[in-house]
$ cat run-v6.cif   # mmCIF, C-alpha atoms (C1' of nucleotides)
data_input
loop_
_atom_site.label_atom_id
_atom_site.label_comp_id
_atom_site.auth_asym_id
_atom_site.auth_seq_id
_atom_site.Cartn_x
_atom_site.Cartn_y
_atom_site.Cartn_z
CA MET V 658 24.79 -6.39 18.92
CA THR V 659 25.41 -4.21 15.91
CA ASP V 660 22.67 -3.04 13.61
CA ASN V 661 22.70 -2.58 9.84
CA VAL V 662 22.64 1.16 10.41
CA ALA V 663 25.31 3.04 12.35
CA GLU V 664 24.47 2.48 15.98
CA ARG V 665 25.97 5.53 17.57
CA SER V 666 24.31 8.24 15.52
CA ARG V 667 21.32 10.14 16.78
CA PRO V 668 17.93 8.38 16.59
CA ARG V 669 16.59 10.92 14.10
CA ASP V 670 19.45 10.29 11.69
CA ARG V 671 19.13 6.54 12.08
CA ILE V 672 15.40 6.69 11.39
CA LEU V 673 15.91 8.87 8.33
CA GLU V 674 18.59 6.64 6.89
CA THR V 675 16.75 3.41 7.64
CA ALA V 676 13.51 4.78 6.24
CA GLN V 677 15.22 5.81 3.01
CA ASP V 678 16.62 2.33 2.61
CA MET V 679 13.41 0.52 3.44
CA PHE V 680 11.19 2.79 1.36
CA HIS V 681 13.51 2.18 -1.56
CA LYS V 682 13.56 -1.58 -1.16
CA HIS V 683 9.96 -2.29 -0.19
CA GLY V 684 8.06 0.78 -1.32
CA ILE V 685 6.38 3.40 0.80
CA LYS V 686 3.12 1.60 1.35
CA GLY V 687 4.98 -1.65 1.77
CA VAL V 688 6.68 -0.70 5.01
CA GLY V 689 5.19 0.48 8.27
CA VAL V 690 6.62 2.85 10.84
CA ASP V 691 7.01 0.02 13.32
CA ALA V 692 9.28 -1.88 10.95
CA ILE V 693 11.34 1.25 10.33
CA THR V 694 11.88 2.07 13.97
CA GLU V 695 12.70 -1.50 14.83
CA ALA V 696 15.30 -1.70 12.05
CA ALA V 697 16.67 1.65 13.20
CA GLY V 698 17.07 0.30 16.71
CA THR V 699 14.57 2.63 18.27
CA ASN V 700 10.81 2.90 18.73
CA LYS V 701 7.70 4.50 17.37
CA MET V 702 7.39 7.23 19.99
CA THR V 703 10.84 8.55 19.16
CA LEU V 704 9.92 8.64 15.49
CA TYR V 705 6.83 10.70 16.18
CA ARG V 706 8.82 13.08 18.35
CA HIS V 707 11.02 13.91 15.36
CA PHE V 708 8.49 13.69 12.53
CA GLU V 709 4.95 14.96 12.48
CA SER V 710 3.63 11.96 10.59
CA LYS V 711 4.61 9.20 8.22
CA ASP V 712 3.91 11.58 5.35
CA ASP V 713 6.37 14.04 6.89
CA LEU V 714 8.95 11.28 7.14
CA ILE V 715 8.38 10.38 3.50
CA ILE V 716 9.00 13.98 2.46
CA GLU V 717 12.18 14.23 4.51
CA CYS V 718 13.40 10.98 2.96
CA LEU V 719 12.81 12.31 -0.54
CA ARG V 720 14.68 15.52 0.30
CA ALA V 721 17.56 13.50 1.71
CA THR V 722 17.69 11.33 -1.40
CA ALA V 723 17.72 14.40 -3.62
CA ALA V 724 20.49 15.89 -1.52
CA LYS V 725 22.57 12.75 -2.06
CA ALA V 726 21.99 13.01 -5.81
CA SER V 727 23.01 16.63 -5.69
CA ARG V 728 26.29 15.68 -4.05
CA ILE V 729 26.97 13.26 -6.91
CA TRP V 730 26.42 16.10 -9.34
CA ASP V 731 28.92 18.16 -7.42
CA GLU V 732 31.43 15.36 -7.90
CA PHE V 733 31.15 15.70 -11.67
CA GLU V 734 32.31 19.31 -11.37
CA THR V 735 35.20 18.52 -9.03
CA ARG V 736 36.33 15.56 -11.14
CA HIS V 737 36.15 17.39 -14.45
CA PRO V 738 36.43 21.06 -13.52
CA GLY V 739 35.20 23.28 -16.31
CA ASP V 740 34.88 20.42 -18.79
CA LYS V 741 31.12 20.30 -19.16
CA LEU V 742 31.16 17.68 -21.88
CA ALA V 743 33.19 15.33 -19.70
CA GLN V 744 30.71 15.98 -16.92
CA LEU V 745 27.87 14.99 -19.21
CA HIS V 746 29.60 11.73 -20.06
CA ALA V 747 30.20 11.18 -16.36
CA TRP V 748 26.47 11.64 -15.85
CA VAL V 749 25.74 8.94 -18.41
CA ARG V 750 28.19 6.59 -16.76
CA LYS V 751 26.81 7.26 -13.29
CA ALA V 752 23.26 6.84 -14.53
CA SER V 753 24.11 3.46 -16.03
CA GLU V 754 25.54 2.35 -12.71
CA MET V 755 22.09 2.82 -11.23
CA LEU V 756 20.77 0.14 -13.57
CA SER V 757 22.20 -2.81 -11.69
CA ALA V 758 20.17 -5.98 -11.51
CA ASP V 759 18.47 -5.48 -8.17
CA SER V 760 17.88 -1.75 -8.29
CA ARG V 761 14.43 -0.57 -7.50
CA GLY V 762 14.62 2.60 -9.58
CA CYS V 763 14.15 6.24 -8.67
CA ASP V 764 12.66 6.87 -5.25
CA MET V 765 10.87 10.01 -6.36
CA ALA V 766 9.34 8.41 -9.44
CA ASN V 767 8.33 5.36 -7.42
CA ALA V 768 6.77 7.58 -4.77
CA ALA V 769 4.80 9.42 -7.45
CA VAL V 770 3.45 6.08 -8.64
CA GLU V 771 2.61 4.84 -5.19
CA LEU V 772 1.08 8.02 -3.80
CA SER V 773 -1.79 8.31 -6.23
CA GLU V 774 -3.76 10.82 -4.17
CA THR V 775 -3.44 14.03 -6.17
CA ASP V 776 -3.32 16.16 -3.03
CA HIS V 777 -0.71 14.12 -1.21
CA PRO V 778 1.79 16.53 0.38
CA ALA V 779 4.73 14.61 -1.06
CA ARG V 780 3.63 15.24 -4.62
CA ARG V 781 4.56 18.90 -4.74
CA VAL V 782 7.93 18.07 -3.19
CA ILE V 783 8.53 15.41 -5.83
CA LYS V 784 7.74 17.89 -8.58
CA GLU V 785 10.03 20.52 -7.05
CA LEU V 786 12.96 18.15 -6.76
CA LYS V 787 12.46 16.59 -10.19
CA ASP V 788 12.14 19.99 -11.80
CA ALA V 789 15.40 21.06 -10.19
CA GLN V 790 17.19 17.97 -11.48
CA ARG V 791 15.81 18.59 -14.94
CA GLU V 792 17.00 22.21 -14.90
CA ARG V 793 20.43 21.07 -13.80
CA LEU V 794 20.74 18.63 -16.70
CA VAL V 795 19.52 21.28 -19.14
CA ALA V 796 22.15 23.70 -17.84
CA LEU V 797 24.84 21.06 -18.19
CA CYS V 798 23.89 20.37 -21.80
CA ARG V 799 23.72 24.06 -22.57
CA ASP V 800 27.09 24.79 -20.95
CA ALA V 801 28.55 21.89 -22.91
CA GLY V 802 27.83 23.93 -26.00
CA ILE V 803 25.03 21.82 -27.31
CA GLY V 804 22.29 23.40 -29.37
CA GLN V 805 18.76 22.35 -28.40
CA ALA V 806 20.05 21.66 -24.92
CA GLU V 807 16.54 21.38 -23.51
CA LEU V 808 15.56 18.71 -26.01
CA LEU V 809 18.68 16.67 -25.37
CA ALA V 810 18.29 16.95 -21.62
CA ASP V 811 14.64 15.94 -21.76
CA THR V 812 15.40 13.01 -24.04
CA LEU V 813 18.14 11.79 -21.73
CA SER V 814 15.80 12.25 -18.78
CA LEU V 815 13.10 10.13 -20.36
CA LEU V 816 15.58 7.46 -21.38
CA LEU V 817 16.91 7.17 -17.85
CA GLU V 818 13.50 7.31 -16.24
CA GLY V 819 12.31 4.65 -18.67
CA ALA V 820 15.34 2.48 -18.06
CA ARG V 821 14.89 2.60 -14.31
CA VAL V 822 11.23 1.65 -14.45
CA SER V 823 11.71 -0.89 -17.24
CA MET V 824 14.21 -2.73 -15.09
CA GLN V 825 11.53 -3.31 -12.50
CA SER V 826 9.20 -4.86 -15.07
CA VAL V 827 11.49 -6.93 -17.27
CA GLY V 828 14.82 -6.87 -15.48
CA ALA V 829 18.26 -5.55 -16.29
CA GLU V 830 18.57 -7.63 -19.45
CA GLY V 831 15.68 -5.80 -21.07
CA PRO V 832 15.79 -2.55 -23.05
CA SER V 833 17.58 -0.76 -20.22
CA ALA V 834 20.72 -2.77 -21.00
CA GLN V 835 21.26 -0.52 -24.02
CA PHE V 836 21.01 2.73 -22.08
CA VAL V 837 24.63 3.82 -22.39
CA ARG V 838 24.68 3.11 -26.09
CA MET V 839 21.48 5.08 -26.61
CA ALA V 840 22.59 8.03 -24.51
CA GLU V 841 26.04 8.30 -26.07
CA SER V 842 24.83 8.14 -29.65
CA LEU V 843 22.19 10.68 -28.77
CA ILE V 844 24.76 13.10 -27.41
CA ALA V 845 26.95 12.56 -30.45
CA SER V 846 24.02 13.23 -32.74
CA PHE V 847 23.12 16.46 -30.96
CA ARG V 848 26.72 17.62 -31.00
CA ALA V 849 26.90 17.06 -34.76
CA ARG V 850 24.00 19.40 -35.48
CA MET T 74 -29.96 3.71 -10.25
CA THR T 75 -27.25 3.33 -12.87
CA ASP T 76 -23.71 2.52 -11.99
CA ASN T 77 -20.50 3.75 -13.59
CA VAL T 78 -20.01 0.28 -14.97
CA ALA T 79 -22.56 -1.47 -17.17
CA GLU T 80 -25.23 -2.80 -14.85
CA ARG T 81 -26.51 -5.74 -16.79
CA SER T 82 -23.25 -7.59 -17.38
CA ARG T 83 -22.24 -10.51 -15.28
CA PRO T 84 -20.76 -9.80 -11.82
CA ARG T 85 -17.41 -11.25 -12.81
CA ASP T 86 -17.08 -8.91 -15.78
CA ARG T 87 -18.19 -5.91 -13.75
CA ILE T 88 -15.67 -6.71 -11.04
CA LEU T 89 -12.87 -7.14 -13.57
CA GLU T 90 -13.65 -3.89 -15.35
CA THR T 91 -14.12 -1.91 -12.16
CA ALA T 92 -10.96 -3.31 -10.64
CA GLN T 93 -8.94 -2.37 -13.72
CA ASP T 94 -10.22 1.17 -13.52
CA MET T 95 -9.69 1.56 -9.78
CA PHE T 96 -6.26 -0.09 -9.77
CA HIS T 97 -5.25 2.28 -12.53
CA LYS T 98 -6.55 5.40 -10.77
CA HIS T 99 -5.65 4.67 -7.17
CA GLY T 100 -2.96 2.03 -7.39
CA ILE T 101 -3.15 -1.58 -6.33
CA LYS T 102 -2.38 -1.11 -2.69
CA GLY T 103 -4.50 2.01 -2.64
CA VAL T 104 -7.77 0.21 -3.16
CA GLY T 105 -9.36 -2.60 -1.19
CA VAL T 106 -11.58 -5.41 -2.39
CA ASP T 107 -14.54 -3.93 -0.53
CA ALA T 108 -14.28 -0.70 -2.49
CA ILE T 109 -14.04 -2.60 -5.77
CA THR T 110 -17.09 -4.76 -5.16
CA GLU T 111 -19.13 -1.80 -3.96
CA ALA T 112 -18.26 0.21 -7.06
CA ALA T 113 -19.08 -2.81 -9.18
CA GLY T 114 -22.48 -3.09 -7.57
CA THR T 115 -21.85 -6.41 -5.92
CA ASN T 116 -20.22 -7.80 -2.81
CA LYS T 117 -17.08 -9.38 -1.51
CA MET T 118 -18.36 -12.96 -1.45
CA THR T 119 -19.15 -12.87 -5.14
CA LEU T 120 -15.66 -11.60 -5.85
CA TYR T 121 -14.10 -14.48 -3.96
CA ARG T 122 -16.31 -16.96 -5.80
CA HIS T 123 -14.77 -15.80 -9.09
CA PHE T 124 -11.20 -15.02 -8.01
CA GLU T 125 -9.01 -17.01 -5.69
CA SER T 126 -7.54 -13.96 -4.02
CA LYS T 127 -6.82 -10.28 -4.54
CA ASP T 128 -3.52 -11.28 -6.12
CA ASP T 129 -5.42 -13.44 -8.59
CA LEU T 130 -7.69 -10.50 -9.41
CA ILE T 131 -4.63 -8.30 -9.95
CA ILE T 132 -3.20 -10.79 -12.42
CA GLU T 133 -6.47 -11.09 -14.33
CA CYS T 134 -6.65 -7.30 -14.52
CA LEU T 135 -3.15 -7.09 -15.96
CA ARG T 136 -4.00 -9.73 -18.55
CA ALA T 137 -7.16 -7.87 -19.50
CA THR T 138 -5.23 -4.61 -19.86
CA ALA T 139 -2.66 -6.30 -22.06
CA ALA T 140 -5.44 -7.79 -24.16
CA LYS T 141 -6.86 -4.30 -24.72
CA ALA T 142 -3.44 -3.06 -25.79
CA SER T 143 -3.14 -6.00 -28.13
CA ARG T 144 -6.42 -5.03 -29.77
CA ILE T 145 -5.04 -1.54 -30.38
CA TRP T 146 -2.04 -3.09 -32.09
CA ASP T 147 -4.41 -5.07 -34.31
CA GLU T 148 -6.02 -1.80 -35.32
CA PHE T 149 -2.70 -0.55 -36.68
CA GLU T 150 -2.64 -3.48 -39.08
CA THR T 151 -6.27 -3.07 -40.20
CA ARG T 152 -5.87 0.68 -40.66
CA HIS T 153 -2.59 0.49 -42.57
CA PRO T 154 -2.58 -3.02 -44.02
CA GLY T 155 0.91 -4.05 -45.04
CA ASP T 156 2.35 -0.58 -44.51
CA LYS T 157 4.60 -1.28 -41.53
CA LEU T 158 6.14 2.17 -41.47
CA ALA T 159 2.71 3.79 -41.27
CA GLN T 160 1.89 1.38 -38.46
CA LEU T 161 4.99 2.50 -36.60
CA HIS T 162 3.95 6.13 -36.91
CA ALA T 163 0.47 5.16 -35.74
CA TRP T 164 2.10 3.59 -32.73
CA VAL T 165 3.89 6.84 -31.94
CA ARG T 166 0.67 8.80 -32.28
CA LYS T 167 -1.27 6.37 -30.12
CA ALA T 168 1.47 6.37 -27.52
CA SER T 169 1.42 10.15 -27.32
CA GLU T 170 -2.33 10.05 -26.73
CA MET T 171 -1.62 8.12 -23.57
CA LEU T 172 0.29 11.12 -22.23
CA SER T 173 -2.75 13.21 -21.40
CA ALA T 174 -2.64 15.35 -18.29
CA ASP T 175 -4.37 13.04 -15.84
CA SER T 176 -3.02 9.72 -17.01
CA ARG T 177 -1.55 7.47 -14.41
CA GLY T 178 0.85 5.69 -16.73
CA CYS T 179 1.26 2.02 -17.56
CA ASP T 180 -0.60 -0.39 -15.30
CA MET T 181 2.05 -3.07 -15.63
CA ALA T 182 4.94 -0.75 -14.87
CA ASN T 183 3.03 0.75 -11.95
CA ALA T 184 2.26 -2.70 -10.62
CA ALA T 185 5.93 -3.64 -10.84
CA VAL T 186 6.76 -0.57 -8.76
CA GLU T 187 4.06 -1.22 -6.20
CA LEU T 188 4.54 -4.96 -5.81
CA SER T 189 8.08 -4.88 -4.52
CA GLU T 190 8.06 -8.44 -3.20
CA THR T 191 10.34 -10.30 -5.60
CA ASP T 192 8.25 -13.46 -5.43
CA HIS T 193 4.90 -11.81 -5.98
CA PRO T 194 2.91 -13.95 -8.45
CA ALA T 195 2.06 -10.90 -10.57
CA ARG T 196 5.71 -10.18 -11.34
CA ARG T 197 6.23 -13.07 -13.73
CA VAL T 198 3.01 -12.16 -15.52
CA ILE T 199 4.18 -8.57 -15.85
CA LYS T 200 7.47 -9.73 -17.34
CA GLU T 201 5.70 -12.07 -19.78
CA LEU T 202 3.32 -9.40 -21.02
CA LYS T 203 5.99 -6.71 -21.26
CA ASP T 204 8.35 -9.04 -23.09
CA ALA T 205 5.60 -9.84 -25.58
CA GLN T 206 4.96 -6.15 -26.21
CA ARG T 207 8.65 -5.54 -26.68
CA GLU T 208 8.90 -8.37 -29.19
CA ARG T 209 5.95 -7.00 -31.09
CA LEU T 210 7.55 -3.56 -31.40
CA VAL T 211 10.84 -5.11 -32.49
CA ALA T 212 9.03 -7.09 -35.18
CA LEU T 213 7.25 -3.96 -36.36
CA CYS T 214 10.52 -2.06 -36.67
CA ARG T 215 12.19 -4.97 -38.44
CA ASP T 216 9.29 -5.43 -40.88
CA ALA T 217 9.40 -1.70 -41.56
CA GLY T 218 12.83 -2.32 -43.06
CA ILE T 219 14.82 -0.63 -40.35
CA GLY T 220 18.32 -1.81 -39.59
CA GLN T 221 19.08 -2.21 -35.89
CA ALA T 222 15.41 -2.80 -35.32
CA GLU T 223 16.01 -4.05 -31.79
CA LEU T 224 17.87 -0.93 -30.79
CA LEU T 225 15.21 1.37 -32.19
CA ALA T 226 12.42 -0.61 -30.56
CA ASP T 227 14.16 -0.60 -27.20
CA THR T 228 14.89 3.11 -27.42
CA LEU T 229 11.27 3.86 -28.25
CA SER T 230 10.19 1.60 -25.40
CA LEU T 231 12.34 3.43 -22.90
CA LEU T 232 11.22 6.82 -24.16
CA LEU T 233 7.55 5.90 -23.77
CA GLU T 234 8.06 4.20 -20.44
CA GLY T 235 9.97 7.24 -19.24
CA ALA T 236 7.35 9.64 -20.55
CA ARG T 237 4.57 7.80 -18.78
CA VAL T 238 6.33 7.75 -15.43
CA SER T 239 7.71 11.28 -15.81
CA MET T 240 4.19 12.57 -16.21
CA GLN T 241 3.32 11.28 -12.80
CA SER T 242 6.23 13.13 -11.21
CA VAL T 243 6.30 16.47 -13.04
CA GLY T 244 3.13 16.46 -15.11
CA ALA T 245 2.35 16.54 -18.80
CA GLU T 246 4.23 19.80 -19.36
CA GLY T 247 7.53 18.18 -18.40
CA PRO T 248 9.92 16.26 -20.64
CA SER T 249 7.14 13.94 -21.79
CA ALA T 250 5.62 16.81 -23.80
CA GLN T 251 8.38 16.31 -26.36
CA PHE T 252 7.75 12.59 -26.80
CA VAL T 253 6.41 12.71 -30.37
CA ARG T 254 9.25 14.93 -31.52
CA MET T 255 11.83 12.64 -29.95
CA ALA T 256 10.28 9.47 -31.33
CA GLU T 257 9.82 10.80 -34.86
CA SER T 258 13.34 12.17 -35.18
CA LEU T 259 14.64 8.91 -33.79
CA ILE T 260 12.81 6.89 -36.39
CA ALA T 261 14.03 9.22 -39.11
CA SER T 262 17.59 8.89 -37.90
CA PHE T 263 17.42 5.08 -37.87
CA ARG T 264 15.88 5.03 -41.34
CA ALA T 265 18.73 7.18 -42.66
CA ARG T 266 21.39 4.73 -41.57
"C1'" DT P 815 25.41 16.25 42.41
"C1'" DC P 816 21.24 16.83 40.51
"C1'" DA P 817 17.84 18.75 37.34
"C1'" DG P 818 15.89 18.30 32.90
"C1'" DG P 819 15.36 16.73 28.55
"C1'" DA P 820 15.85 12.99 25.29
"C1'" DA P 821 14.88 8.36 24.58
"C1'" DG P 822 12.75 3.70 25.68
"C1'" DT P 823 8.61 0.92 27.10
"C1'" DT P 824 4.06 -0.65 27.24
"C1'" DA P 825 -0.45 -0.39 26.22
"C1'" DC P 826 -3.99 1.10 23.64
"C1'" DA P 827 -7.39 3.45 20.30
"C1'" DG P 828 -9.58 3.40 15.95
"C1'" DA P 829 -9.50 2.27 11.43
"C1'" DC P 830 -8.81 -0.70 7.57
"C1'" DC P 831 -7.39 -4.90 5.38
"C1'" DG P 832 -8.02 -9.77 3.08
"C1'" DG P 833 -10.66 -13.62 3.56
"C1'" DT P 834 -14.46 -16.89 5.35
"C1'" DA P 835 -18.95 -18.84 7.32
"C1'" DA P 836 -23.74 -19.26 7.35
"C1'" DC P 837 -27.83 -18.28 5.56
"C1'" DA P 838 -31.55 -16.06 2.67
"C1'" DC P 839 -32.94 -15.04 -1.89
"C1'" DC P 840 -34.12 -15.31 -6.74
"C1'" DC P 841 -34.09 -16.80 -11.30
"C1'" DT P 842 -33.91 -20.07 -14.64
"C1'" DA P 843 -33.63 -24.89 -16.65
"C1'" DG P 844 -35.64 -29.14 -16.56
"C1'" DC M 1230 -43.66 -26.64 -10.23
"C1'" DT M 1231 -39.42 -27.44 -8.38
"C1'" DA M 1232 -34.64 -28.19 -7.70
"C1'" DG M 1233 -30.31 -26.05 -7.77
"C1'" DG M 1234 -26.85 -22.82 -8.81
"C1'" DG M 1235 -25.55 -18.03 -8.82
"C1'" DT M 1236 -25.99 -14.12 -6.02
"C1'" DG M 1237 -26.81 -10.99 -1.99
"C1'" DT M 1238 -26.48 -10.11 3.09
"C1'" DT M 1239 -24.60 -9.98 7.54
"C1'" DA M 1240 -21.38 -10.98 10.69
"C1'" DC M 1241 -17.15 -12.20 11.91
"C1'" DC M 1242 -11.85 -13.50 12.31
"C1'" DG M 1243 -7.17 -12.30 12.80
"C1'" DG M 1244 -3.95 -9.27 11.37
"C1'" DT M 1245 -1.84 -4.73 10.29
"C1'" DC M 1246 -1.73 0.07 10.11
"C1'" DT M 1247 -0.97 5.13 11.94
"C1'" DG M 1248 -0.86 7.68 15.85
"C1'" DT M 1249 -1.21 8.71 21.08
"C1'" DA M 1250 -0.94 8.42 26.35
"C1'" DA M 1251 1.44 7.62 30.43
"C1'" DC M 1252 5.19 6.25 32.58
"C1'" DT M 1253 10.13 4.94 33.28
"C1'" DT M 1254 15.02 5.14 32.36
"C1'" DC M 1255 19.15 7.16 31.08
"C1'" DC M 1256 22.50 10.60 29.85
"C1'" DT M 1257 24.33 15.02 29.91
"C1'" DG M 1258 25.46 19.62 31.27
"C1'" DA M 1259 25.63 23.15 34.66
#
$ encode --input "run-v6.cif" --output "structure tokens"
Amino acid sequence: MTDNVAERSRPRDRILETAQDMFHKHGIKGVGVDAITEAAGTNKMTLYRHFESKDDLIIECLRATAAKASRIWDEFETRHPGDKLAQLHAWVRKASEMLSADSRGCDMANAAVELSETDHPARRVIKELKDAQRERLVALCRDAGIGQAELLADTLSLLLEGARVSMQSVGAEGPSAQFVRMAESLIASFRAR
Amino acid sequence: MTDNVAERSRPRDRILETAQDMFHKHGIKGVGVDAITEAAGTNKMTLYRHFESKDDLIIECLRATAAKASRIWDEFETRHPGDKLAQLHAWVRKASEMLSADSRGCDMANAAVELSETDHPARRVIKELKDAQRERLVALCRDAGIGQAELLADTLSLLLEGARVSMQSVGAEGPSAQFVRMAESLIASFRAR
DNA sequence: TCAGGAAGTTACAGACCGGTAACACCCTAG
DNA sequence: CTAGGGTGTTACCGGTCTGTAACTTCCTGA
């Protein structure tokens, strides 16, 4: 019998991948370690041999998700080498692809909402990773020759963050449907200054 | 002994108010009915005499929160009667006040993130209430004489939604700090068209 | 071949959760 | 005064959760 996750990888990798998927779909507090291990084709003991706790697993999942996002960023550079403006437009396009009907939004933002305890160990990791992504978008805007790069980057960040969370409240036909239009006209307006 | 919530109101009102506060601070799945009733100075049986279930309580809390927001909207009209543009600026100001350092964002958006089950009874209520708020902002923009009122309203919606969720990830010093600036220049740009 | 470590299995502890039953109390309306 | 409804109290049910213990099985590498 074949599982939804690659059967012949190591248990730790299967757990990590399955946990990412299930946390994304059902939320962190909405899925237990038993359900994760079962879906990963293994068991709870093996999970706790590889991860100190569920919180540790959560953190590793967030890091893995951020690493995936980072790889997508790398693609922008390889696809449009040197052309920072093209890379920015690629970012907009890629961002809009994340606004499909059944998306559950950004894992890090969702985790920040779910893990309300101010001293939760995942919170500092979320901030680290989000700050890094913000800095990367600022750098892209700046290298694209845009004045007020920080302001543009922050505006685009808020638009995307808002679109991803809005989708979960009112669906893909709500305000988030206009994301590309908003982002593109924003970039054009900043370039004209 | 005095409680954090008015002692001499009816149990149902105390429960509703306390639940709103605790759901906002700790999240829906982060607080149990026992904790709510204790903080409200009553007990679980009384809660279940007034609410069918925890889900029912959640829905009533969301409706109450939306009603509060609606009252704030009414204030805009009484404070700037007939002056729709001034009301729009008041909206921006009021929205920015919600971005204080320890805010936990929008209850409805947070609930949509937490309640990942697609058939959860609260989800349709969230969509109803959010749609109504969207329509109200669109009407305000339109009555303020702005062309493309829908697009401006949706952009402002996404910016605010993004700011409120961004705060929970990276804090009030992140991109959300620029919300007023973004919103005001956006309004100006739409008015100039 | 065989030793050792990784992984699977079963059972359990301890806590918390939503929700209900049964009963005692108290306050007010008639 | 008294009946009755709203409320408080205690105990409980069945389920789920994270995390651990003890033991077995299996696979690999020397």
$ interface_residues --input "run-v6.cif" --of "chain V" --to "chain T" --cutoff "9 Å" --atoms "all atoms listed in the file" --output "ChimeraX atom specification"
/V:682-687,761-762,765-774,780-781,783-785,787-788,791,807-808,810-823,825-828,831-833,835-836,839
$ resolve_selection --input "run-v6.cif" --expression "the PyMOL selection byres ((chain T) within 9 of (chain P))" --output "mmCIF file with C-alpha atoms, keeping the file's coordinate frame"
data_model
loop_
_atom_site.group_PDB
_atom_site.id
_atom_site.type_symbol
_atom_site.label_atom_id
_atom_site.label_comp_id
_atom_site.auth_asym_id
_atom_site.auth_seq_id
_atom_site.Cartn_x
_atom_site.Cartn_y
_atom_site.Cartn_z
ATOM 1 C CA GLY T 105 -9.360 -2.600 -1.190
ATOM 2 C CA VAL T 106 -11.580 -5.410 -2.390
ATOM 3 C CA MET T 118 -18.360 -12.960 -1.450
ATOM 4 C CA TYR T 121 -14.100 -14.480 -3.960
ATOM 5 C CA SER T 126 -7.540 -13.960 -4.020
ATOM 6 C CA LYS T 127 -6.820 -10.280 -4.540
#
$ closest_residue --input "run-v6.cif" --among "V:Ala829, V:Leu704, V:Cys798, V:Ile729" --to "Ile844 (chain V)" --atoms "all atoms listed in the file"
V:Cys798
$ interface_residues --input "run-v6.cif" --of "chain M" --to "chain V" --cutoff "12 Å" --atoms "all atoms listed in the file" --output "list in words"
DT1245, DC1246, DT1247, DG1248, DT1249 and DA1250 of chain M
$ residues_near_point --input "run-v6.cif" --point "(-20.5, -11.4, -13.4)" --cutoff "12 Å" --atoms "only C-alpha atoms (C1' of nucleotides)" --output "list in words"
Val78, Ala79, Glu80, Arg81, Ser82, Arg83, Pro84, Arg85, Asp86, Arg87, Ile88, Leu89, Glu90, Thr91, Thr110, Ala113, Gly114, Thr115, Asn116, Thr119, Leu120, Tyr121, Arg122, His123 and Phe124 of chain T; DG1235 and DT1236 of chain M
$ axis_aligned_box --input "run-v6.cif" --around "region 83-88 of chain T" --padding-each-side "8 Å" --output "AutoDock Vina command-line options"
--center_x -19.0 --center_y -8.6 --center_z -13.4 --size_x 22.6 --size_y 21.3 --size_z 20.7
$ residues_around --input "run-v6.cif" --residues "Ile803 (chain V)" --least-positions-apart "6" --cutoff "10 Å" --atoms "all atoms listed in the file" --output "ChimeraX atom specification"
/V:742,795,797,809,844-845,847-850
$ atom_distance --input "run-v6.cif" --atom1 "CA of Leu130 (chain T)" --atom2 "CA of Pro194 (chain T)"
11.2 Å
$ closest_residue --input "run-v6.cif" --among "T:Ala212, T:Met95, T:Ala139, T:Ala217" --to "Glu111 (chain T)" --atoms "all atoms listed in the file"
T:Met95
$ atom_distance --input "run-v6.cif" --atom1 "CA of Arg166 (chain T)" --atom2 "CA of Gly218 (chain T)"
19.7 Å
$ atom_distance --input "run-v6.cif" --atom1 "C1' of DG1234 (chain M)" --atom2 "CA of Ile132 (chain T)"
26.8 Å
